[in-house]
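I have placed the structure first, in the form of structure tokens, so that the comments after it can refer back to it.
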Amino acid sequence: MGNMIHITINGKQCETQEGEFILNVARANGIFIPAVCYQTKCTPTLACRLCLVEADGKQVYACNAKCKDGMAIEVDTPNIVKERRAIMEVYDVNHPLQCGVCDQSGECELQNYSLYMKVDSQNYAVKDVDRPAQNWGVMKYDPGLCIVCEKCVTICKDMIGSNALSTVKRGAEALDKSYKECMPKDAYAMWNKLNKNLIGFEEEKCIDCGECIAVCPVGALVSSDFQYKSNAWELTKIPASNPYSSDCSLMYYEVKHDTIENNLEKRIYRVTNDSHYTSLSGAARFGFDYINKAQKNEEQFQKAVEAFKNAESIVFNSFITNEEAYILQKIKEKTGAKLVNMNAFKFKEFLNNYANESGKDLYGADLEDIHNSDFIISVGSYLKSDAPSVKYAFNNAISMNKGAGIYFHPMGDKHIEGLGKLGKTIQPVQINVLSEEAVFYLILDQFGKDLPEDIQSFLDSFKEKRTKVVTETIKEKVVEMVTDPETGEEKETTKMVPKKVDTEVEYSYTKLLDTIGSDESLLETLEAMLAKKENFSLIVGEDCINHPNSSSLAKLVAIVEKYTPFKVLIIPTQTNSLGVSKLCDLDVIATGKTVGYNMEADFQISSLGDGDLDMPVLSQQEGTFVNINKKVVPTNAAVAYHGYCLNNIANEILDEKKSNTIEYTQEIFKKIEFDLLENYYGNDRAEHRGYTIDCEPVDRKEQPFNTTINSLSKNESEYIIYSANPINQFNEFTALANQLKNDIVALYVSSELAAQLELKEDDKVEISANDQKVTLFVRVDSDLKGEISYVPTFEKNCETRKLFENCRFATANITKV
């Protein structure tokens with residue numbers, strides 16, 4: 001984008017950045033230009049051609065035409081109105097007349113635009129062909145309803161990064177040649193393409209995010225679970241935040257009564273989003289099934305109150321609201337109980353160590369910074385499972401900004417290799433396990449300016465002079481004798497011919513490359529990637545936070561942020577890890593009598609209904625989270641809960657009484673009532689969601705400089721296992737989701753490792769690690785590469801957690817049972 005300029009649209013003066021698309025400027029200024037195929041932050045496809053406008057007397061497509069200073073634009077000239085009307089007639093050709101039962105009816109763009117353009121007659125026809133519906137797992141595709149706008153293809157490629165969808169040819173009769181002469185030009189061109197194509201699907205590339213459902217303007221792509229369950233206009237949209245990961249993306253629970261007989265109780269029918277502003281993971285979209293239907297049990301409630309009063313420790317995780325975390329902190333202050341949350345404790349420690357070096361208590365970047373970057377490095381995050389929205393931003397940046405990226409991780413991943421322009425702009429680097437420190441030192445070595453003397457000295461200790469042979473092509477003068485064809489005389493001629501010459505050159509090599517398990521080709525790739533790059537971002541993931549040397553890594557992250565051009569994003573490891581870490585004084589070890597909130601303990605309050613007292617799930621609660629962007633964002637209750645909640649217990653213990661949990665909202669971070677928190681995006685794409693917490697200055701503390709780089713050693717009979725979940729699984733609640741039920745806790749291996757261990761799908765193995773033994777089924781993950789396998793921990797009290805200790809990696813013996 002360039003400087004601020006002024007243009008006029010329909011006579012209205014608009015200020016924008018030079019290079020912005022006309023369509024986006026119009027939307028930001030409340031000027032309507034019809035468009036079916038355009039997807040914000042994605043490549044314009046020009047598939048629908050409805051966004052025709054006249055710019056400085058010339059017809060252009062508003063989705064693809066960039067603004068210039070002084071440009072004058074007219075949206076609705078007579079010729080353009082005629083083109084749009086013809087385009088909508090074409091879209092209606094052979095479109096099934098099943099609006100009464102179509103899932104999109106009531107919010108269908110084909111309906112809306114046909115009415116808007118007053119399409120009340122049909123001038124075009126072509127013989128239809130059979131286009132049978134297809135089952136694509138969590139979604140269904142009906143080619144008969146498809147208008148081939150290509151939004152699903154675009155979002156899958158430019159945002160999600162799966163490249164699972166594409167346009168494919170279909171058999172169809174050619175259009176009557178007379179139409180080319182009598183139809184408006186753009187309408188004919190659009191119809192000719194529409195008549196030849198459908199959407200094709202590659203199942204092995206799909207990650208079941210469902211974003212293609214969100215962007216489909218008609219009823220061609222729908223959730224398999226939702227199809228034919230409800231009309232859109234019967235549903236009430238409840239704005240909420242993703243409860244499963246720290247992006248806390250804006251989403252909507254769509255609810256209505258359960259049955260005609262039980263019309264007072266509502267249930268969630270589906271989860272939706274506005275994909276122009278935010279994208280959801282499959283967990284957020286499909287993991288809404290479980291609702292706690294418990295009633296109040298006074299006897300168990302009194303036991304819970306006594307358990308809290310007498311507890312020496314309260315154990316909980318970070319899948320809770322800020323208000324609940326604040327209540328637990330107040331109970332601690334009242335009773336003296338320890339608060340134990342290892343997830344939030346490790347994240348808090350990492351931030352504290354970062355702050356001691358950086359002088360501020362929060363990292364600098366957010367997801368929008370990632371979207372706007374043109375060079376990104378990711379270290380220590382298994383992005384596709386750990387943080388889907390961060391992966392989306394990574395892919396979107398390198399796809400749309402002519403960007404490039406390096407993904408450092410020990411796990412080989414074909415999915416990551418396919419990001420960007422079909423994998424041409426990203427370099428996955430399979431590093432040695434626990435070598436993240438060396439990666440950060442390498443970043444400092446390659447990008448650092450005016451580094452502290454001790455760090456520069458340490459980096460220099462890895463340097464050595466090496467020589468290599470460089471082949472260059474030079475022009476060499478060659479003298480030849482040639483015969484003149486007319487006289488027969490021999491003459492001397494000179495010409496320049498290319499010649500390859502090998503030259504030995506000296507260069508500086510850093511042995512940090514050996515430490516991480518790479519070689520000098522990485523630096524050559526890096527040099528090529530950096531051409532014309534200006535906006536740099538560094539993504540720091542959970543492997544760093546759970547690293548044995550996490551304190552050293554946190555310091556290095558702060559140093560990278562200070563002495564290099566990188567903005568830093570540290571990913572909170574659970575939904576509200578950042579909020580809990582800010583609100584609670586956390587302890588390390590639980591002792592004495594324990595109370596657990598969705599955690600195993602002597603007395604347990606549980607949202608799953610498996611404890612001593614039931615609690616509501618997050619979709620039954622009002623409250624707030626602190627998301628990855630450091631914003632306090634609200635979430636709302638989709639359906640009613642009739643049992644007790646944590647606030648009821650607090651009212652029996654604390655001196656103050658609150659009617660509702662959200663009365664605590666104005667006591668945390670800023671004095672703003674819950675009902676005053678906004679939760680929407682504007683047409684100008686501005687985010688109006690809650691508020692950003694303040695980044696506070698911190699007194700820098702001298703920390704010992706660590707010069708020991710960790711590694712994980714193993715013997716020949718051992719293998720390395722990694723604690724990670726399948727895509728779309730985050731906790732015990734996604735584990736119960738009907739549409740995600742195919743995922744199990746198993747040993748997930750690459751096809752190479754399966755062959756090496758002579759394993760096949762559904763074999764059983766015994767895994768021995770950390771003095772623990774667990775028996776699991778085998779799953780072959782087609783995306784994996786190499787010998788490192790992963791073991792999930794998403795089920796409640798999952799025994800596989802015992803295989804890992806203070807780190808996501810472990811050495812293990814794997815034996816076929």
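Labels used: A, B, ... for chains in the order of the structure tokens, numbers from 1 for residues in each chain, and numbers from 1 for ligands as shown.
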Taking 5 positions as the minimum chain separation for residues in the same chain, which residues sit within 7 Å of A:Ala438 when counting only C-alpha atoms? Answer as a compact mmCIF listing (two decimals) with C-alpha atoms, in the first residue's frame.
# COMPACT_ATOMS: atom_id res chain seq x y z
CA LEU A 512 25.08 -23.07 14.44
CA THR A 515 23.72 -27.59 15.80
CA ILE A 516 20.23 -27.21 14.42
CA ILE A 709 22.51 -25.41 23.91
Near-stretch 138-146 of chain A list (8 Å; only C-alpha atoms; drop same-chain fewer than 4 positions) as a PyMOL selection string: chain A and resi 95-96+131-134+198-199+208+210+213+218-225+739
Selection near A:Thr624, 8 Å with only C-alpha atoms, sequence-local residues under 6 positions removed, as a ChimeraX atom specification: /A:321-323,632-635,665
Print the selection's residues with all heavy atoms to a file, as a PDB file, in the first residue's frame.
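Saved to out.pdb:
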ATOM      1  N   THR A 321     -12.828 -18.512  31.642  1.00  0.00           N
ATOM      2  CA  THR A 321     -12.934 -17.078  31.365  1.00  0.00           C
ATOM      3  C   THR A 321     -12.064 -16.286  32.335  1.00  0.00           C
ATOM      4  O   THR A 321     -11.623 -16.793  33.377  1.00  0.00           O
ATOM      5  CB  THR A 321     -14.386 -16.594  31.497  1.00  0.00           C
ATOM      6  OG1 THR A 321     -14.801 -16.744  32.868  1.00  0.00           O
ATOM      7  CG2 THR A 321     -15.315 -17.380  30.577  1.00  0.00           C
ATOM      8  N   ASN A 322     -11.829 -15.019  31.994  1.00  0.00           N
ATOM      9  CA  ASN A 322     -11.114 -14.126  32.907  1.00  0.00           C
ATOM     10  C   ASN A 322     -11.848 -13.992  34.237  1.00  0.00           C
ATOM     11  O   ASN A 322     -11.223 -13.934  35.303  1.00  0.00           O
ATOM     12  CB  ASN A 322     -10.975 -12.734  32.281  1.00  0.00           C
ATOM     13  CG  ASN A 322     -10.015 -12.720  31.122  1.00  0.00           C
ATOM     14  OD1 ASN A 322      -8.962 -13.349  31.161  1.00  0.00           O
ATOM     15  ND2 ASN A 322     -10.374 -12.003  30.073  1.00  0.00           N
ATOM     16  N   GLU A 323     -13.158 -13.926  34.164  1.00  0.00           N
ATOM     17  CA  GLU A 323     -13.948 -13.744  35.375  1.00  0.00           C
ATOM     18  C   GLU A 323     -13.781 -14.934  36.320  1.00  0.00           C
ATOM     19  O   GLU A 323     -13.662 -14.755  37.544  1.00  0.00           O
ATOM     20  CB  GLU A 323     -15.431 -13.551  35.012  1.00  0.00           C
ATOM     21  CG  GLU A 323     -15.738 -12.230  34.336  1.00  0.00           C
ATOM     22  CD  GLU A 323     -15.268 -12.150  32.881  1.00  0.00           C
ATOM     23  OE1 GLU A 323     -14.949 -13.217  32.296  1.00  0.00           O
ATOM     24  OE2 GLU A 323     -15.224 -11.044  32.327  1.00  0.00           O
ATOM     25  N   VAL A 632      -8.998  -8.044  25.402  1.00  0.00           N
ATOM     26  CA  VAL A 632     -10.066  -8.637  26.207  1.00  0.00           C
ATOM     27  C   VAL A 632     -11.309  -8.694  25.334  1.00  0.00           C
ATOM     28  O   VAL A 632     -11.857  -7.651  24.956  1.00  0.00           O
ATOM     29  CB  VAL A 632     -10.330  -7.801  27.472  1.00  0.00           C
ATOM     30  CG1 VAL A 632     -11.511  -8.376  28.253  1.00  0.00           C
ATOM     31  CG2 VAL A 632      -9.086  -7.758  28.352  1.00  0.00           C
ATOM     32  N   VAL A 633     -11.730  -9.906  24.974  1.00  0.00           N
ATOM     33  CA  VAL A 633     -12.864 -10.064  24.063  1.00  0.00           C
ATOM     34  C   VAL A 633     -13.999 -10.816  24.761  1.00  0.00           C
ATOM     35  O   VAL A 633     -13.760 -11.736  25.544  1.00  0.00           O
ATOM     36  CB  VAL A 633     -12.446 -10.807  22.765  1.00  0.00           C
ATOM     37  CG1 VAL A 633     -11.474  -9.964  21.963  1.00  0.00           C
ATOM     38  CG2 VAL A 633     -11.837 -12.173  23.067  1.00  0.00           C
ATOM     39  N   PRO A 634     -15.249 -10.435  24.479  1.00  0.00           N
ATOM     40  CA  PRO A 634     -16.381 -11.061  25.154  1.00  0.00           C
ATOM     41  C   PRO A 634     -16.849 -12.332  24.460  1.00  0.00           C
ATOM     42  O   PRO A 634     -16.673 -12.517  23.254  1.00  0.00           O
ATOM     43  CB  PRO A 634     -17.463  -9.983  25.070  1.00  0.00           C
ATOM     44  CG  PRO A 634     -17.157  -9.254  23.798  1.00  0.00           C
ATOM     45  CD  PRO A 634     -15.661  -9.285  23.649  1.00  0.00           C
ATOM     46  N   THR A 635     -17.444 -13.202  25.252  1.00  0.00           N
ATOM     47  CA  THR A 635     -18.144 -14.361  24.707  1.00  0.00           C
ATOM     48  C   THR A 635     -19.485 -14.460  25.422  1.00  0.00           C
ATOM     49  O   THR A 635     -19.618 -14.020  26.574  1.00  0.00           O
ATOM     50  CB  THR A 635     -17.312 -15.648  24.873  1.00  0.00           C
ATOM     51  OG1 THR A 635     -17.882 -16.691  24.085  1.00  0.00           O
ATOM     52  CG2 THR A 635     -17.230 -16.100  26.327  1.00  0.00           C
ATOM     53  N   THR A 665     -16.478  -8.446  35.529  1.00  0.00           N
ATOM     54  CA  THR A 665     -15.780  -7.994  34.327  1.00  0.00           C
ATOM     55  C   THR A 665     -15.184  -6.606  34.514  1.00  0.00           C
ATOM     56  O   THR A 665     -14.055  -6.334  34.085  1.00  0.00           O
ATOM     57  CB  THR A 665     -16.744  -7.984  33.117  1.00  0.00           C
ATOM     58  OG1 THR A 665     -17.317  -9.285  32.953  1.00  0.00           O
ATOM     59  CG2 THR A 665     -16.002  -7.604  31.845  1.00  0.00           C
TER      60      THR A 665
END
Residues of stretch 25-134 of chain A that have any atom at most 6 Å from an atom of stretch 8-19 of chain A: could you tabulate them with the shortest-distance atom pair and the distance in Å to one decimal, using only C-alpha atoms, ordered by chain and increasing number, as a tab-separated table?
residue	atom	partner	partner_atom	distance
A:Lys66	CA	A:Gly19	CA	4.8
A:Cys67	CA	A:Gly19	CA	5.2
A:Lys68	CA	A:Glu18	CA	5.8
A:Ala72	CA	A:Thr8	CA	4.9
A:Ile73	CA	A:Ile9	CA	4.7
A:Glu74	CA	A:Asn10	CA	5.0
DSSP helix (DSSP H, G or I) residues within stretch 84-203 of chain A, as a ChimeraX atom specification: /A:84-92,109-116,151-160,178-182,185-194,203
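Counting only C-alpha atoms, the residue from A:Pro616, A:Pro697, A:Gly200, A:Pro410 that sits nearest to A:Gln295 is A:Pro616.
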In stretch 120-183 of chain A, DSSP strand (DSSP E or B) residues written as a list in words: Gln134, Asn135, Trp136, Met139, Lys140, Tyr141, Leu165, Ser166, Thr167, Val168 and Lys169 of chain A
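Proximity to A:Glu349 was assessed for A:Ala28, A:Ser551, A:Lys118, A:Cys206 counting only C-alpha atoms; the smallest distance is recorded for A:Ser551.
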